[in-house]
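Peer 1: Contents of my_file_4.cif (mmCIF, C-alpha atoms):
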data_start
#
loop_
_atom_site.group_PDB
_atom_site.id
_atom_site.type_symbol
_atom_site.label_atom_id
_atom_site.label_comp_id
_atom_site.auth_asym_id
_atom_site.auth_seq_id
_atom_site.Cartn_x
_atom_site.Cartn_y
_atom_site.Cartn_z
ATOM 1 C CA MET R 1 169.771 -54.953 -58.217
ATOM 2 C CA LYS R 2 171.218 -52.959 -55.306
ATOM 3 C CA LYS R 3 169.220 -49.889 -56.335
ATOM 4 C CA ILE R 4 165.844 -51.556 -55.872
ATOM 5 C CA VAL R 5 166.497 -54.472 -53.560
ATOM 6 C CA SER R 6 167.937 -54.473 -50.052
ATOM 7 C CA VAL R 7 168.325 -58.077 -48.933
ATOM 8 C CA LEU R 8 166.962 -58.684 -45.446
ATOM 9 C CA MET R 9 169.410 -60.768 -43.399
ATOM 10 C CA LEU R 10 167.705 -62.606 -40.531
ATOM 11 C CA PHE R 11 168.637 -65.179 -37.946
ATOM 12 C CA SER R 12 167.156 -68.603 -38.748
ATOM 13 C CA LEU R 13 163.969 -69.502 -36.935
ATOM 14 C CA LEU R 14 164.563 -72.383 -34.567
ATOM 15 C CA CYS R 15 161.004 -73.568 -34.122
ATOM 16 C CA THR R 16 159.407 -76.404 -36.087
ATOM 17 C CA PRO R 17 156.986 -76.334 -37.773
ATOM 18 C CA ILE R 18 157.825 -72.977 -39.320
ATOM 19 C CA SER R 19 155.204 -70.317 -38.724
ATOM 20 C CA ALA R 20 154.916 -66.528 -38.585
ATOM 21 C CA HIS R 21 156.472 -64.684 -35.648
ATOM 22 C CA ALA R 22 154.170 -64.607 -32.607
ATOM 23 C CA GLU R 23 154.033 -60.788 -32.588
ATOM 24 C CA ASP R 24 153.025 -60.616 -36.243
ATOM 25 C CA ARG R 25 149.365 -60.169 -37.137
ATOM 26 C CA LEU R 26 149.698 -62.066 -40.360
ATOM 27 C CA LEU R 27 148.404 -65.607 -40.048
ATOM 28 C CA ILE R 28 149.581 -68.741 -41.810
ATOM 29 C CA TYR R 29 146.512 -70.846 -42.571
ATOM 30 C CA PRO R 30 146.555 -74.544 -41.589
ATOM 31 C CA ASP R 31 146.501 -75.706 -45.224
ATOM 32 C CA THR R 32 149.420 -73.424 -46.032
ATOM 33 C CA GLN R 33 151.333 -74.633 -42.969
ATOM 34 C CA LYS R 34 150.799 -78.202 -44.111
ATOM 35 C CA GLN R 35 152.249 -77.358 -47.519
ATOM 36 C CA ILE R 36 155.248 -75.712 -45.835
ATOM 37 C CA ASP R 37 155.808 -78.799 -43.673
ATOM 38 C CA ASN R 38 155.565 -81.059 -46.714
ATOM 39 C CA LEU R 39 158.024 -78.896 -48.660
ATOM 40 C CA ILE R 40 160.568 -79.135 -45.859
ATOM 41 C CA SER R 41 160.029 -82.841 -45.261
ATOM 42 C CA ASP R 42 160.629 -83.468 -48.969
ATOM 43 C CA ASN R 43 163.798 -81.362 -48.990
ATOM 44 C CA ASP R 44 165.251 -79.998 -45.749
ATOM 45 C CA GLU R 45 167.400 -77.590 -47.783
ATOM 46 C CA ASN R 46 164.215 -75.524 -48.346
ATOM 47 C CA LYS R 47 163.799 -74.763 -44.646
ATOM 48 C CA GLU R 48 166.093 -71.747 -44.627
ATOM 49 C CA TYR R 49 164.573 -70.272 -47.772
ATOM 50 C CA ILE R 50 161.023 -70.530 -46.399
ATOM 51 C CA GLN R 51 162.206 -69.043 -43.087
ATOM 52 C CA ASP R 52 163.630 -66.088 -44.972
ATOM 53 C CA VAL R 53 160.456 -65.621 -47.021
ATOM 54 C CA ILE R 54 158.375 -65.590 -43.829
ATOM 55 C CA GLY R 55 160.893 -63.188 -42.307
ATOM 56 C CA LEU R 56 160.241 -60.682 -45.092
ATOM 57 C CA PHE R 57 156.787 -59.981 -43.717
ATOM 58 C CA ASN R 58 155.592 -58.456 -40.430
ATOM 59 C CA SER R 59 152.660 -56.500 -39.010
ATOM 60 C CA LYS R 60 153.756 -53.406 -40.965
ATOM 61 C CA SER R 61 153.748 -55.205 -44.304
ATOM 62 C CA ASN R 62 151.125 -53.921 -46.688
ATOM 63 C CA ILE R 63 149.500 -57.310 -47.235
ATOM 64 C CA THR R 64 146.491 -59.185 -45.887
ATOM 65 C CA SER R 65 146.657 -62.667 -44.420
ATOM 66 C CA LYS R 66 144.913 -64.050 -47.501
ATOM 67 C CA GLU R 67 147.418 -62.373 -49.834
ATOM 68 C CA TYR R 68 150.215 -63.571 -47.567
ATOM 69 C CA ASN R 69 149.040 -67.169 -47.791
ATOM 70 C CA ASP R 70 148.476 -66.904 -51.544
ATOM 71 C CA LEU R 71 152.081 -65.724 -51.908
ATOM 72 C CA LEU R 72 153.430 -68.535 -49.716
ATOM 73 C CA VAL R 73 151.531 -71.103 -51.784
ATOM 74 C CA ASP R 74 152.961 -69.509 -54.940
ATOM 75 C CA VAL R 75 156.480 -69.647 -53.469
ATOM 76 C CA ILE R 76 156.032 -73.293 -52.492
ATOM 77 C CA SER R 77 154.783 -74.173 -55.968
ATOM 78 C CA THR R 78 157.719 -72.377 -57.596
ATOM 79 C CA ILE R 79 160.280 -74.032 -55.311
ATOM 80 C CA GLU R 80 158.741 -77.461 -55.884
ATOM 81 C CA LYS R 81 159.011 -76.881 -59.645
ATOM 82 C CA GLN R 82 162.650 -75.815 -59.270
ATOM 83 C CA ASP R 83 163.429 -78.840 -57.080
ATOM 84 C CA ARG R 84 161.794 -81.201 -59.557
ATOM 85 C CA LYS R 85 163.890 -79.768 -62.370
ATOM 86 C CA THR R 86 167.088 -80.079 -60.312
ATOM 87 C CA ASP R 87 166.227 -83.667 -59.382
ATOM 88 C CA GLN R 88 165.432 -84.430 -63.008
ATOM 89 C CA ASP R 89 168.745 -82.902 -64.115
ATOM 90 C CA LEU R 90 170.608 -85.017 -61.570
ATOM 91 C CA ASN R 91 168.749 -88.200 -62.562
ATOM 92 C CA THR R 92 169.366 -87.459 -66.229
ATOM 93 C CA ALA R 93 173.057 -87.033 -65.498
ATOM 94 C CA TYR R 94 173.192 -90.429 -63.797
ATOM 95 C CA ILE R 95 171.186 -92.135 -66.547
ATOM 96 C CA LYS R 96 173.489 -90.674 -69.182
ATOM 97 C CA MET R 97 176.497 -91.626 -67.108
ATOM 98 C CA ALA R 98 175.239 -95.211 -66.841
ATOM 99 C CA SER R 99 174.813 -95.415 -70.610
ATOM 100 C CA GLU R 100 178.327 -94.110 -71.261
ATOM 101 C CA ILE R 101 180.277 -95.578 -68.374
ATOM 102 C CA LEU R 102 183.044 -97.983 -69.220
ATOM 103 C CA SER R 103 183.665 -101.188 -67.326
ATOM 104 C CA ASN R 104 185.519 -100.315 -64.150
ATOM 105 C CA ASP R 105 189.216 -100.888 -64.655
ATOM 106 C CA PRO R 106 190.282 -103.686 -62.285
ATOM 107 C CA PHE R 107 193.698 -102.107 -61.868
ATOM 108 C CA LYS R 108 193.994 -99.503 -59.167
ATOM 109 C CA ASP R 109 196.921 -97.974 -61.044
ATOM 110 C CA ALA R 110 194.560 -96.702 -63.731
ATOM 111 C CA TYR R 111 192.360 -95.045 -61.105
ATOM 112 C CA ASP R 112 195.347 -93.564 -59.290
ATOM 113 C CA ASN R 113 196.887 -92.204 -62.480
ATOM 114 C CA ALA R 114 193.618 -90.597 -63.590
ATOM 115 C CA CYS R 115 193.000 -89.087 -60.146
ATOM 116 C CA ASN R 116 196.576 -87.799 -59.935
ATOM 117 C CA LEU R 117 196.112 -85.903 -63.188
ATOM 118 C CA TYR R 118 192.728 -84.721 -61.942
ATOM 119 C CA SER R 119 194.374 -83.490 -58.712
ATOM 120 C CA THR R 120 196.942 -81.611 -60.792
ATOM 121 C CA GLY R 121 194.040 -79.975 -62.595
ATOM 122 C CA ILE R 122 192.548 -78.976 -59.245
ATOM 123 C CA LEU R 123 195.820 -77.283 -58.262
ATOM 124 C CA LEU R 124 195.755 -75.330 -61.530
ATOM 125 C CA VAL R 125 192.158 -74.312 -60.825
ATOM 126 C CA VAL R 126 193.175 -73.089 -57.343
ATOM 127 C CA ALA R 127 196.072 -71.161 -58.873
ATOM 128 C CA LYS R 128 193.524 -69.349 -61.055
ATOM 129 C CA GLY R 129 191.567 -68.349 -57.944
ATOM 130 C CA ALA R 130 188.603 -70.648 -58.648
ATOM 131 C CA ASN R 131 188.463 -72.131 -55.155
ATOM 132 C CA HIS R 132 184.813 -73.186 -55.219
ATOM 133 C CA THR R 133 185.343 -74.972 -58.523
ATOM 134 C CA ALA R 134 188.261 -76.815 -56.917
ATOM 135 C CA ASP R 135 186.143 -77.744 -53.880
ATOM 136 C CA TYR R 136 183.382 -79.117 -56.126
ATOM 137 C CA MET R 137 185.919 -81.098 -58.149
ATOM 138 C CA LYS R 138 187.241 -82.694 -54.966
ATOM 139 C CA HIS R 139 183.721 -83.412 -53.720
ATOM 140 C CA ALA R 140 182.820 -85.247 -56.935
ATOM 141 C CA VAL R 141 185.566 -87.874 -56.574
ATOM 142 C CA VAL R 142 184.396 -91.454 -55.957
ATOM 143 C CA PRO R 143 186.605 -93.345 -53.466
ATOM 144 C CA TYR R 144 188.286 -96.342 -55.089
ATOM 145 C CA GLU R 145 186.476 -98.813 -52.843
ATOM 146 C CA LYS R 146 183.130 -97.288 -53.944
ATOM 147 C CA LEU R 147 183.686 -97.763 -57.691
ATOM 148 C CA GLY R 148 180.873 -99.701 -59.316
ATOM 149 C CA THR R 149 178.534 -99.146 -56.353
ATOM 150 C CA SER R 150 175.503 -96.875 -55.886
ATOM 151 C CA TYR R 151 177.680 -94.332 -54.086
ATOM 152 C CA LYS R 152 176.733 -90.697 -54.754
ATOM 153 C CA PRO R 153 178.452 -87.564 -53.437
ATOM 154 C CA SER R 154 176.339 -85.673 -50.907
ATOM 155 C CA ASN R 155 174.555 -82.495 -51.921
ATOM 156 C CA VAL R 156 176.349 -79.190 -51.271
ATOM 157 C CA THR R 157 174.552 -76.225 -49.686
ATOM 158 C CA HIS R 158 175.640 -72.600 -49.272
ATOM 159 C CA LYS R 159 173.579 -70.466 -46.868
ATOM 160 C CA LYS R 160 174.146 -66.713 -46.908
ATOM 161 C CA ASP R 161 177.903 -67.114 -47.142
ATOM 162 C CA LYS R 162 180.333 -65.009 -49.193
ATOM 163 C CA TRP R 163 179.907 -67.295 -52.221
ATOM 164 C CA ALA R 164 176.119 -66.875 -52.082
ATOM 165 C CA GLU R 165 176.532 -63.106 -51.854
ATOM 166 C CA THR R 166 178.938 -63.065 -54.808
ATOM 167 C CA LEU R 167 176.538 -65.006 -57.023
ATOM 168 C CA CYS R 168 173.317 -63.260 -56.010
ATOM 169 C CA THR R 169 174.801 -59.766 -56.391
ATOM 170 C CA ASN R 170 176.482 -60.539 -59.717
ATOM 171 C CA ALA R 171 175.580 -57.642 -62.040
ATOM 172 C CA ALA R 172 174.376 -59.772 -64.951
ATOM 173 C CA PHE R 173 172.380 -62.095 -62.704
ATOM 174 C CA SER R 174 170.846 -59.093 -60.908
ATOM 175 C CA ALA R 175 169.901 -57.561 -64.257
ATOM 176 C CA ASP R 176 168.135 -60.777 -65.267
ATOM 177 C CA VAL R 177 166.235 -60.916 -61.974
ATOM 178 C CA THR R 178 165.459 -57.198 -62.092
ATOM 179 C CA THR R 179 163.857 -57.497 -65.531
ATOM 180 C CA LYS R 180 161.522 -60.193 -64.246
ATOM 181 C CA PHE R 181 160.891 -58.205 -61.063
ATOM 182 C CA GLU R 182 159.911 -55.104 -63.047
ATOM 183 C CA ASN R 183 157.721 -56.997 -65.527
ATOM 184 C CA GLU R 184 156.042 -59.460 -63.172
ATOM 185 C CA ILE R 185 155.776 -57.480 -59.927
ATOM 186 C CA LEU R 186 156.265 -53.715 -60.359
ATOM 187 C CA ALA R 187 154.326 -53.528 -63.630
ATOM 188 C CA THR R 188 151.352 -55.288 -62.047
ATOM 189 C CA GLY R 189 151.306 -52.935 -59.054
ATOM 190 C CA LYS R 190 152.096 -55.670 -56.542
ATOM 191 C CA ASN R 191 153.884 -55.066 -53.255
ATOM 192 C CA TYR R 192 155.170 -58.640 -53.231
ATOM 193 C CA GLY R 193 155.694 -61.612 -55.510
ATOM 194 C CA VAL R 194 157.960 -64.411 -56.679
ATOM 195 C CA VAL R 195 159.964 -64.703 -59.903
ATOM 196 C CA SER R 196 161.967 -67.607 -61.282
ATOM 197 C CA GLY R 197 164.132 -68.465 -64.236
ATOM 198 C CA THR R 198 167.392 -69.834 -65.595
ATOM 199 C CA PHE R 199 170.669 -67.925 -65.806
ATOM 200 C CA SER R 200 174.081 -68.696 -67.320
ATOM 201 C CA PHE R 201 177.278 -67.443 -65.689
ATOM 202 C CA THR R 202 179.804 -66.915 -68.493
ATOM 203 C CA SER R 203 183.410 -65.789 -68.763
ATOM 204 C CA ALA R 204 182.072 -62.422 -69.955
ATOM 205 C CA ASN R 205 179.576 -61.700 -67.173
ATOM 206 C CA SER R 206 181.101 -63.349 -64.092
ATOM 207 C CA SER R 207 184.245 -64.625 -62.409
ATOM 208 C CA LEU R 208 186.087 -67.691 -63.688
ATOM 209 C CA ASP R 209 184.982 -69.467 -60.504
ATOM 210 C CA ALA R 210 181.263 -68.861 -61.093
ATOM 211 C CA PHE R 211 181.600 -69.751 -64.769
ATOM 212 C CA ALA R 212 183.503 -72.987 -64.135
ATOM 213 C CA ALA R 213 181.665 -74.090 -60.985
ATOM 214 C CA LEU R 214 178.064 -73.422 -61.976
ATOM 215 C CA HIS R 215 177.619 -72.020 -65.487
ATOM 216 C CA LYS R 216 173.835 -72.569 -65.972
ATOM 217 C CA VAL R 217 171.565 -72.407 -62.905
ATOM 218 C CA ASP R 218 167.889 -72.260 -61.941
ATOM 219 C CA TYR R 219 166.698 -69.621 -59.484
ATOM 220 C CA THR R 220 163.710 -68.405 -57.461
ATOM 221 C CA VAL R 221 163.511 -64.952 -55.830
ATOM 222 C CA THR R 222 160.737 -63.776 -53.494
ATOM 223 C CA PHE R 223 160.150 -60.014 -53.050
ATOM 224 C CA THR R 224 158.201 -57.829 -50.640
ATOM 225 C CA LYS R 225 157.988 -54.066 -50.321
ATOM 226 C CA GLN R 226 159.436 -52.516 -47.174
ATOM 227 C CA SER R 227 159.535 -48.906 -46.009
ATOM 228 C CA ASN R 228 162.969 -48.452 -47.612
ATOM 229 C CA GLY R 229 162.312 -50.362 -50.832
ATOM 230 C CA TYR R 230 161.937 -53.996 -51.812
ATOM 231 C CA SER R 231 163.637 -56.830 -49.965
ATOM 232 C CA ALA R 232 164.276 -60.263 -51.449
ATOM 233 C CA VAL R 233 165.437 -63.789 -50.670
ATOM 234 C CA TYR R 234 167.107 -65.995 -53.250
ATOM 235 C CA LYS R 235 167.439 -69.683 -54.024
ATOM 236 C CA ILE R 236 169.835 -70.890 -56.732
ATOM 237 C CA SER R 237 170.193 -74.556 -57.669
ATOM 238 C CA ASP R 238 172.402 -76.470 -60.058
ATOM 239 C CA THR R 239 173.604 -80.000 -60.849
ATOM 240 C CA TYR R 240 177.380 -80.358 -60.822
ATOM 241 C CA ASP R 241 177.898 -82.518 -63.864
ATOM 242 C CA PHE R 242 180.312 -82.859 -66.772
ATOM 243 C CA GLU R 243 178.913 -83.304 -70.254
ATOM 244 C CA ASP R 244 180.727 -83.898 -73.513
ATOM 245 C CA ASN R 245 179.285 -80.558 -74.529
ATOM 246 C CA LYS R 246 178.433 -80.146 -78.185
ATOM 247 C CA VAL R 247 178.104 -76.407 -77.603
ATOM 248 C CA ALA R 248 181.596 -75.488 -76.466
ATOM 249 C CA TYR R 249 182.265 -73.246 -73.493
ATOM 250 C CA ASP R 250 183.518 -69.795 -74.478
ATOM 251 C CA ASN R 251 186.870 -70.505 -72.839
ATOM 252 C CA PHE R 252 189.459 -72.924 -74.230
ATOM 253 C CA ALA R 253 190.932 -73.947 -70.860
ATOM 254 C CA ILE R 254 187.477 -74.582 -69.374
ATOM 255 C CA ASN R 255 186.446 -76.494 -72.487
ATOM 256 C CA PHE R 256 189.556 -78.688 -72.325
ATOM 257 C CA GLY R 257 189.161 -79.271 -68.575
ATOM 258 C CA ASN R 258 185.478 -80.117 -69.002
ATOM 259 C CA LYS R 259 186.307 -82.799 -71.562
ATOM 260 C CA TYR R 260 188.890 -84.405 -69.257
ATOM 261 C CA CYS R 261 186.429 -84.349 -66.342
ATOM 262 C CA HIS R 262 183.777 -85.870 -68.601
ATOM 263 C CA GLY R 263 186.239 -88.686 -69.258
ATOM 264 C CA MET R 264 186.681 -89.140 -65.500
ATOM 265 C CA GLN R 265 182.892 -89.282 -65.144
ATOM 266 C CA VAL R 266 182.575 -91.862 -67.922
ATOM 267 C CA GLN R 267 185.097 -94.004 -66.039
ATOM 268 C CA GLY R 268 182.999 -93.658 -62.886
ATOM 269 C CA TYR R 269 185.810 -91.900 -61.025
ATOM 270 C CA ILE R 270 183.689 -88.791 -60.338
ATOM 271 C CA LYS R 271 179.912 -88.408 -60.038
ATOM 272 C CA PRO R 272 177.333 -85.564 -60.194
ATOM 273 C CA PHE R 273 175.709 -83.930 -57.178
ATOM 274 C CA LYS R 274 173.272 -81.092 -56.396
ATOM 275 C CA ILE R 275 174.272 -77.591 -55.331
ATOM 276 C CA THR R 276 171.821 -75.307 -53.472
ATOM 277 C CA ILE R 277 172.506 -71.657 -52.631
ATOM 278 C CA THR R 278 170.259 -69.438 -50.483
ATOM 279 C CA TYR R 279 170.740 -65.745 -49.765
#
Could you spell out this file's structure in structure tokens?
Peer 2:
Amino acid sequence: MKKIVSVLMLFSLLCTPISAHAEDRLLIYPDTQKQIDNLISDNDENKEYIQDVIGLFNSKSNITSKEYNDLLVDVISTIEKQDRKTDQDLNTAYIKMASEILSNDPFKDAYDNACNLYSTGILLVVAKGANHTADYMKHAVVPYEKLGTSYKPSNVTHKKDKWAETLCTNAAFSADVTTKFENEILATGKNYGVVSGTFSFTSANSSLDAFAALHKVDYTVTFTKQSNGYSAVYKISDTYDFEDNKVAYDNFAINFGNKYCHGMQVQGYIKPFKITITY
């Protein structure tokens, strides 16, 4: 990916609603602006991604205002589709959890014992260098006083941090994105465009941390041609959830740990949440 894409790092725009820079000649049409506002109001986590997409373009971009607005509408549609899938995955996880969950054990000792073993597992995960996996495991824990309630862990967002860089520059992930980029943008002669898809981090193509923390993710990447090549902004989303997977992970330790965590989830001691990564 590094050979064809240089990622443009920008400071976040502070104004609301989001619009093109004042010195830019490209215009955001009122209908497009309304769609942007609606996208952000529905999910504030999309604000940074849209800011970065807008930041890809300026008065030197080889694109008309109409093409610019068509692209923004396409980006919005793609992000909305990705968000709906993530929300559906999260809802499905909770529905499945509700169908499997056992009656909450009235004895706090059972909860404490399970969580103590879970905490030991977290220490082992840290020892293996999978710090983000450990952080997600901690975040998923339901406080004892919240058992049996509608409590849900908050969503987790990574914005242009080292973790986001590690994931978005992963060689296998970049190869997957590049194939779509070449087929859907370069091959059509476009100077800009948006691609999306699903990617699985495995023990063979990524770090243990990426494999254990995320595994299968959805993504959207928006491209535009600059004087020095193509620039891009990324959005990756996932639902942190433990399933009693019928298709085993390709790692015994991860497979074993996943089954224990699934048991914790069935008990209601941990719960799923959404993860969003922008870069």
Peer 1: I'd like to see the residues matched by the PyMOL selection byres ((chain R and resi 140-143) around 6) on this file, and ideally I'd get them as a list in words.
Peer 2: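 Against this file, the PyMOL selection byres ((chain R and resi 140-143) around 6) returns the residues Met137, Lys138, His139, Tyr144, Glu145, Lys146, Tyr269, Ile270 and Lys271 of chain R.
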Peer 1: Neighbouring residues of stretch 172-179 of chain R were defined as those with any atom within 12 Å, considering only C-alpha atoms; residues of the same chain fewer than 6 positions away were excluded. Please report them as an NGL selection string.
Peer 2: :R and (1-5 or 165-166 or 185-187 or 194-207 or 210 or 215-223 or 230 or 232-236)
Peer 1: Now that the selection is made, can you save its residues with C-alpha atoms as a PDB file, in the coordinates of the input?
Peer 2:
ATOM      1  CA  MET R   1     169.771 -54.953 -58.217  1.00  0.00           C
ATOM      2  CA  LYS R   2     171.218 -52.959 -55.306  1.00  0.00           C
ATOM      3  CA  LYS R   3     169.220 -49.889 -56.335  1.00  0.00           C
ATOM      4  CA  ILE R   4     165.844 -51.556 -55.872  1.00  0.00           C
ATOM      5  CA  VAL R   5     166.497 -54.472 -53.560  1.00  0.00           C
ATOM      6  CA  GLU R 165     176.532 -63.106 -51.854  1.00  0.00           C
ATOM      7  CA  THR R 166     178.938 -63.065 -54.808  1.00  0.00           C
ATOM      8  CA  ILE R 185     155.776 -57.480 -59.927  1.00  0.00           C
ATOM      9  CA  LEU R 186     156.265 -53.715 -60.359  1.00  0.00           C
ATOM     10  CA  ALA R 187     154.326 -53.528 -63.630  1.00  0.00           C
ATOM     11  CA  VAL R 194     157.960 -64.411 -56.679  1.00  0.00           C
ATOM     12  CA  VAL R 195     159.964 -64.703 -59.903  1.00  0.00           C
ATOM     13  CA  SER R 196     161.967 -67.607 -61.282  1.00  0.00           C
ATOM     14  CA  GLY R 197     164.132 -68.465 -64.236  1.00  0.00           C
ATOM     15  CA  THR R 198     167.392 -69.834 -65.595  1.00  0.00           C
ATOM     16  CA  PHE R 199     170.669 -67.925 -65.806  1.00  0.00           C
ATOM     17  CA  SER R 200     174.081 -68.696 -67.320  1.00  0.00           C
ATOM     18  CA  PHE R 201     177.278 -67.443 -65.689  1.00  0.00           C
ATOM     19  CA  THR R 202     179.804 -66.915 -68.493  1.00  0.00           C
ATOM     20  CA  SER R 203     183.410 -65.789 -68.763  1.00  0.00           C
ATOM     21  CA  ALA R 204     182.072 -62.422 -69.955  1.00  0.00           C
ATOM     22  CA  ASN R 205     179.576 -61.700 -67.173  1.00  0.00           C
ATOM     23  CA  SER R 206     181.101 -63.349 -64.092  1.00  0.00           C
ATOM     24  CA  SER R 207     184.245 -64.625 -62.409  1.00  0.00           C
ATOM     25  CA  ALA R 210     181.263 -68.861 -61.093  1.00  0.00           C
ATOM     26  CA  HIS R 215     177.619 -72.020 -65.487  1.00  0.00           C
ATOM     27  CA  LYS R 216     173.835 -72.569 -65.972  1.00  0.00           C
ATOM     28  CA  VAL R 217     171.565 -72.407 -62.905  1.00  0.00           C
ATOM     29  CA  ASP R 218     167.889 -72.260 -61.941  1.00  0.00           C
ATOM     30  CA  TYR R 219     166.698 -69.621 -59.484  1.00  0.00           C
ATOM     31  CA  THR R 220     163.710 -68.405 -57.461  1.00  0.00           C
ATOM     32  CA  VAL R 221     163.511 -64.952 -55.830  1.00  0.00           C
ATOM     33  CA  THR R 222     160.737 -63.776 -53.494  1.00  0.00           C
ATOM     34  CA  PHE R 223     160.150 -60.014 -53.050  1.00  0.00           C
ATOM     35  CA  TYR R 230     161.937 -53.996 -51.812  1.00  0.00           C
ATOM     36  CA  ALA R 232     164.276 -60.263 -51.449  1.00  0.00           C
ATOM     37  CA  VAL R 233     165.437 -63.789 -50.670  1.00  0.00           C
ATOM     38  CA  TYR R 234     167.107 -65.995 -53.250  1.00  0.00           C
ATOM     39  CA  LYS R 235     167.439 -69.683 -54.024  1.00  0.00           C
ATOM     40  CA  ILE R 236     169.835 -70.890 -56.732  1.00  0.00           C
TER      41      ILE R 236
END
Peer 1: With distances taken over all atoms listed in the file, which residue among R:Ser65, R:Asn183, R:Thr157, R:Gln82 lies nearest R:Glu48?
Peer 2: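 Result for the nearest residue to R:Glu48: R:Thr157.
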Peer 1: Which value, in Å to one decimal, gives the distance between atom CA of R:Gln265 and atom CA of R:Asn43?
Peer 2: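 It comes out at 26.2 Å.
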Peer 1: Which residues, named as in the file, does the PyMOL selection byres ((chain R and resi 28) around 10) pick out? Answer as an MDAnalysis selection string.
Peer 2: chainID R and resid 18:20 25:27 29:34 36 54 65:66 68:70 72
Peer 1: Quick one: of R:Ala213, R:Met264, R:Leu39, R:Pro272, who's nearest to R:Asn131, counting only C-alpha atoms?
Peer 2: R:Ala213
Peer 1: Do you have the atom CA of R:Ser119-atom CA of R:Ala134 distance handy?
Peer 2: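 Computing the Euclidean distance for atom CA of R:Ser119 and atom CA of R:Ala134 yields 9.2 Å.
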Peer 1: Pull out every residue that the PyMOL selection byres ((chain R and resi 89) around 12) matches in the shown coordinates and put them as a PyMOL selection string.
Peer 2: chain R and resi 82-88+90-96+216-218+237-243+272-275
Peer 1: For a quick check of understanding, using all atoms listed in the file, which of R:Lys108, R:Tyr49, R:Asn170, R:Asp42 has the smallest distance to R:Leu147?
Peer 2: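 Residue with the minimum atom-to-atom distance to R:Leu147: R:Lys108.
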